[in-house]
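Comments concern the structure below.
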There are 2 protein chains.
Amino acid sequence: METPVESTRERLLNVAEQRFGEGGYEGTSLRAITVAAAANIAAVNYHFGSKEALLRAAVARAMAPVNTERRRRLDQLEARGGPSPEQLIRAFIEPGLDLVLRRGERGAVVARFIGRIAFDPSQRIRELYAAESDPIESRYLAALQSALPHASPEAVAFGYVNMLGLLALHQSQALSRAPGIDDAEDPGKLAENLVTFLVAAFDRGLRT
Amino acid sequence: METPVESTRERLLNVAEQRFGEGGYEGTSLRAITVAAAANIAAVNYHFGSKEALLRAAVARAMAPVNTERRRRLDQLEARGGPSPEQLIRAFIEPGLDLVLRRGERGAVVARFIGRIAFDPSQRIRELYAAESDPIESRYLAALQSALPHASPEAVAFGYVNMLGLLALHQSQALSRAPGIDDAEDPGKLAENLVTFLVAAFDRGLRT
DNA sequence: CTCCAGTTCAAACGACCGCTTGAACTATGC
DNA sequence: GCATAGTTCAAGCGGTCGTTTGAACTGGAG
């Protein structure tokens with residue numbers, strides 16, 4: 001059996017990250033969420049205040065473990081000194097794919113939610129995601145720069161946004177329509193493929 | 001002065017690709033489009049039939065020159081025989097960035113529109129884009145496979161979707177919030193950076 | 001001038017949107 | 001038993017959505 005009792009607030013967050021991940025922010029109505037969560041519409045405004053506040057809470061909850069794991073890995077790598085590009089890329093990618101995709105059905109839902117919100121059509125929504133991941137961004141950029149001393153800051157930043165984008169893309173599962181690709185088959189294999197792809201690009205694909 | 005006469009139909013398409021590119025499909029209302037196009041709301045249903053049909057027409061019109069150029073380049077490369085991965089990547093990326101970004105303000109609008117629609121939250125919308133680019137997809141996959149005989153079909157497909165995704169990402173200008181990145185500064189330079197990045201990834205970043 | 005197909009228009013349709021209200025329910029502390 | 005704070009509820013608010021309607025306008029053909 002599932003958890004016997006789940007608060008209305010938790011049910012709303014769970015359904016919100018599922019529906020927002022499927023249809024985006026604009027494409028998902030509060031009514032659709034509350035019906036699926038067996039809650040009253042007013043419950044959203046009672047517990048969160050507004051639709052956007054519900055999204056904000058869902059993003060914060062979903063990102064928290066990913067951010068924590070990334071911080072932990074960065075701390076660990078920096079303590080040992082001089083991490084390689086591959087180690088840094090792993091420390092960024094794996095918490096986003098592994099940690100989240102390995103948690104079964106719910107993990108995939110969370111991953112898709114994060115990936116979808118990160119590149120939502122609305123800039124307002126994207127900034128909401130960015131605010132949640134910004135604190136670690138500068139740390140990664142600095143660490144990558146140290147690991148790639150021959151690359152210009154612009155080149156490092158270019159590689160970073162590409163890494164961020166590709167991760168979000170695979171998280172959102174928006175490209176599963178592509179031929180011969182079955183992302184969710186083995187998350188670990190996907191993570192390995194993505195890391196290999198990015199390591200090669202960082203190593204030899206950045207203009208000075 | 002601008003073009004003196006522009007049909008209602010053309011004005012609707014122009015404004016549609018601008019607004020859809022800014023706010024996404026769900027986030028843009030027909031009223032916002034028709035007001036900006038100085039047209040009546042009913043004109044949309046008269047000329048196209050529905051909101052989705054307007055989007056479909058806008059996607060078709062925006063993709064047409066890109067597809068044509070990609071086909072032309074593929075024909076040319078295959079006529080000469082045995083194109084390299086870099087040549088194939090250029091033949092895919094440059095029509096999407098160059099050809100479209102070099103056309104000034106309107107070009108950037110078209111690019112953002114295409115990039116945004118390609119990864120819209122709604123699967124229905126994404127398929128609408130996919131239908132427009134599918135015909136060439138299989139040609140690219142086959143050509144890439146020939147150029148990378150050591151890579152498995154899965155690896156080639158993986159590289160292809162990453163290429164597609166990164167192109168869409170840079171077209172959509174969704175990552176301009178990132179630090180030190182100014183995509184639109186020099187589209188040619190962006191194209192070069194992206195090609196270099198992808199060539200390295202394809203050359204050494206694909207698992208067998 | 002008349003006609004007519006093509007196009008544009010103001011107005012309204014029903015449906016759905018996010019959000020609010022005020023009452024009803026629930027559980028805990030006294 | 002009773003008050004009280006926390007939570008849920010049905011109902012409805014004003015507003016916007018995509019779409020439709022039927023009339024008005026337009027310009028060229030006969």
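In the structure tokens, the first chain shown is A, the next is B, and so on; residue numbers restart at 1 for each chain, and ligands run from 1 in the order shown.
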Exercise for the section: Excluding C:DC13 and residues on its chain fewer than 6 positions from it, collect all residues at most 12 Å away from it, counting only C-alpha atoms (C1' of nucleotides), and give them as a count of residues only. Expected result: 5
Contacts of chain B with chain A up to 7 Å, shortest pair per row, only C-alpha atoms, as a tab-separated table:
residue	atom	partner	partner_atom	distance
B:Glu22	CA	A:Pro121	CA	6.8
B:Gly23	CA	A:Ser122	CA	5.3
B:Gly24	CA	A:Pro121	CA	5.0
B:Glu26	CA	A:Gly27	CA	5.7
B:Gly27	CA	A:Glu26	CA	5.7
B:Arg116	CA	A:Pro121	CA	6.7
B:Phe119	CA	A:Ala174	CA	6.6
B:Pro121	CA	A:Gly24	CA	5.0
B:Ser122	CA	A:Gly23	CA	5.2
B:Glu154	CA	A:Gly180	CA	5.9
B:Ala157	CA	A:Gly180	CA	6.5
B:Phe158	CA	A:Ile181	CA	6.7
B:Val161	CA	A:Leu175	CA	6.8
B:Asn162	CA	A:Leu166	CA	6.7
B:Gly165	CA	A:Leu169	CA	7.0
B:Leu166	CA	A:Asn162	CA	6.7
B:Leu169	CA	A:Gly165	CA	7.0
B:Ala174	CA	A:Phe119	CA	6.6
B:Leu175	CA	A:Val161	CA	6.8
B:Ala178	CA	A:Val161	CA	6.9
B:Pro179	CA	A:Ala157	CA	6.6
B:Gly180	CA	A:Glu154	CA	6.0
B:Ile181	CA	A:Glu154	CA	6.7
B:Asn193	CA	A:Arg207	CA	6.6
B:Thr196	CA	A:Gly205	CA	5.1
B:Phe197	CA	A:Gly205	CA	4.0
B:Leu198	CA	A:Ala201	CA	6.5
B:Ala200	CA	A:Gly205	CA	4.9
B:Ala201	CA	A:Ala201	CA	4.5
B:Arg204	CA	A:Ala200	CA	5.7
B:Gly205	CA	A:Phe197	CA	4.0
B:Leu206	CA	A:Phe197	CA	6.0
B:Arg207	CA	A:Asn193	CA	6.6
Report the closest atom pair, with its distance in Å rounded to one decimal, for each residue of chain A that has an atom no farther than 9 Å from chain D; count only C-alpha atoms (C1' of nucleotides), sort by chain and then rising residue number, and write it as JSON lines.
{"residue": "A:Ala39", "atom": "CA", "partner": "D:DT8", "partner_atom": "C1'", "distance": 8.4}
{"residue": "A:Asn40", "atom": "CA", "partner": "D:DC9", "partner_atom": "C1'", "distance": 7.1}
{"residue": "A:Ala42", "atom": "CA", "partner": "D:DT8", "partner_atom": "C1'", "distance": 8.4}
{"residue": "A:Ala43", "atom": "CA", "partner": "D:DT8", "partner_atom": "C1'", "distance": 7.4}
{"residue": "A:Tyr46", "atom": "CA", "partner": "D:DT7", "partner_atom": "C1'", "distance": 8.8}
Can you write just those residues out, N, CA and C atoms, as a tab-separated table (two decimals), in the first residue's frame?
chain	number	residue	atom	x	y	z
A	39	ALA	N	-8.75	17.62	-4.08
A	39	ALA	CA	-8.75	18.77	-3.18
A	39	ALA	C	-9.65	19.86	-3.76
A	40	ASN	N	-10.02	20.78	-2.92
A	40	ASN	CA	-10.83	21.90	-3.37
A	40	ASN	C	-9.93	22.98	-3.98
A	42	ALA	N	-9.99	26.07	-3.61
A	42	ALA	CA	-9.59	27.06	-2.62
A	42	ALA	C	-8.39	26.61	-1.81
A	43	ALA	N	-8.17	25.30	-1.78
A	43	ALA	CA	-7.06	24.77	-1.00
A	43	ALA	C	-5.72	25.30	-1.52
A	46	TYR	N	-5.34	28.64	-0.17
A	46	TYR	CA	-5.16	28.57	1.28
A	46	TYR	C	-3.74	28.17	1.64
Exercise for the section: Could you check which of A:His150, A:Lys51, A:Lys189, A:Arg106 is closest to chain C, using only C-alpha atoms (C1' of nucleotides)? Expected result: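 Going through A:His150, A:Lys51, A:Lys189, A:Arg106 one by one, the smallest distance to chain C is for A:Lys51.
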Exercise for the section: Run DSSP on the backbone and give me the residues of chain A it puts in alpha helix (DSSP H), as an MDAnalysis selection string. Expected result: chainID A and resid 8:23 30:36 41:47 51:80 85:101 104:118 123:147 153:172 187:204
Would you mind listing, for every residue of chain A within 10 Å of chain C, the two atoms forming the shortest contact and the distance between them in Å to one decimal, using only C-alpha atoms (C1' of nucleotides), sorted by chain and ascending residue number, as JSON lines?
{"residue": "A:Ser29", "atom": "CA", "partner": "C:DC17", "partner_atom": "C1'", "distance": 7.6}
{"residue": "A:Leu30", "atom": "CA", "partner": "C:DG18", "partner_atom": "C1'", "distance": 7.7}
{"residue": "A:Arg31", "atom": "CA", "partner": "C:DC17", "partner_atom": "C1'", "distance": 9.1}
{"residue": "A:Ile41", "atom": "CA", "partner": "C:DC19", "partner_atom": "C1'", "distance": 9.2}
{"residue": "A:Ala42", "atom": "CA", "partner": "C:DC19", "partner_atom": "C1'", "distance": 8.1}
{"residue": "A:Val44", "atom": "CA", "partner": "C:DC19", "partner_atom": "C1'", "distance": 9.9}
{"residue": "A:Asn45", "atom": "CA", "partner": "C:DC19", "partner_atom": "C1'", "distance": 7.7}
{"residue": "A:Gly49", "atom": "CA", "partner": "C:DC19", "partner_atom": "C1'", "distance": 9.4}
{"residue": "A:Ser50", "atom": "CA", "partner": "C:DC19", "partner_atom": "C1'", "distance": 7.9}
{"residue": "A:Lys51", "atom": "CA", "partner": "C:DG18", "partner_atom": "C1'", "distance": 7.5}
Could you please take those selected residues and save N, CA and C atoms as a PDB file, in the first residue's frame?
ATOM      1  N   SER A  29      -4.338  23.915 -15.649  1.00  0.00           N
ATOM      2  CA  SER A  29      -5.229  24.731 -14.828  1.00  0.00           C
ATOM      3  C   SER A  29      -5.244  24.234 -13.389  1.00  0.00           C
ATOM      4  N   LEU A  30      -5.521  25.170 -12.493  1.00  0.00           N
ATOM      5  CA  LEU A  30      -5.623  24.791 -11.082  1.00  0.00           C
ATOM      6  C   LEU A  30      -6.723  23.764 -10.875  1.00  0.00           C
ATOM      7  N   ARG A  31      -7.781  23.886 -11.653  1.00  0.00           N
ATOM      8  CA  ARG A  31      -8.875  22.927 -11.515  1.00  0.00           C
ATOM      9  C   ARG A  31      -8.428  21.521 -11.858  1.00  0.00           C
ATOM     10  N   ILE A  41     -10.508  23.720  -4.944  1.00  0.00           N
ATOM     11  CA  ILE A  41      -9.690  24.751  -5.593  1.00  0.00           C
ATOM     12  C   ILE A  41      -9.162  25.745  -4.569  1.00  0.00           C
ATOM     13  N   ALA A  42      -9.992  26.065  -3.614  1.00  0.00           N
ATOM     14  CA  ALA A  42      -9.593  27.061  -2.620  1.00  0.00           C
ATOM     15  C   ALA A  42      -8.390  26.607  -1.806  1.00  0.00           C
ATOM     16  N   VAL A  44      -5.642  25.526  -2.819  1.00  0.00           N
ATOM     17  CA  VAL A  44      -4.407  26.043  -3.400  1.00  0.00           C
ATOM     18  C   VAL A  44      -4.102  27.421  -2.825  1.00  0.00           C
ATOM     19  N   ASN A  45      -5.140  28.263  -2.848  1.00  0.00           N
ATOM     20  CA  ASN A  45      -4.912  29.616  -2.339  1.00  0.00           C
ATOM     21  C   ASN A  45      -4.763  29.633  -0.818  1.00  0.00           C
ATOM     22  N   GLY A  49      -1.313  30.396  -1.800  1.00  0.00           N
ATOM     23  CA  GLY A  49      -1.582  31.800  -2.050  1.00  0.00           C
ATOM     24  C   GLY A  49      -1.985  32.094  -3.482  1.00  0.00           C
ATOM     25  N   SER A  50      -1.374  31.361  -4.421  1.00  0.00           N
ATOM     26  CA  SER A  50      -1.699  31.576  -5.830  1.00  0.00           C
ATOM     27  C   SER A  50      -1.153  30.417  -6.653  1.00  0.00           C
ATOM     28  N   LYS A  51      -1.533  30.401  -7.922  1.00  0.00           N
ATOM     29  CA  LYS A  51      -1.024  29.350  -8.817  1.00  0.00           C
ATOM     30  C   LYS A  51       0.492  29.429  -8.931  1.00  0.00           C
TER      31      LYS A  51
END
Exercise for the section: Please provide the set of residues having any atom within 10 Å of A:Arg71, restricted to only C-alpha atoms (C1' of nucleotides), with same-chain residues fewer than 4 positions apart removed, written as a PyMOL selection string. Expected result: chain A and resi 65-67+75-77+91-92+135-136+139-140
Exercise for the section: For atom CA of A:Ile114 and atom CA of A:Pro83, determine how far apart the two atoms are, in Å to one decimal place. Expected result: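 Separating atom CA of A:Ile114 from atom CA of A:Pro83 is a distance of 26.9 Å.
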Problem - Atom pair atom CA of B:Val59 / atom CA of B:Arg112: separation (Å) - result: 11.6 Å
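Between A:Glu69 and the candidates A:His47, A:Ala16, A:Leu55, A:Leu97, the tightest atom-to-atom separation, counting only C-alpha atoms, involves A:Leu97.
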Practice task
To one decimal in Å, tell me the separation between atom CA of B:Glu132 and atom CA of B:Arg103.
Solution key: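 Atom CA of B:Arg103 lies at a distance of 21.5 Å from atom CA of B:Glu132.
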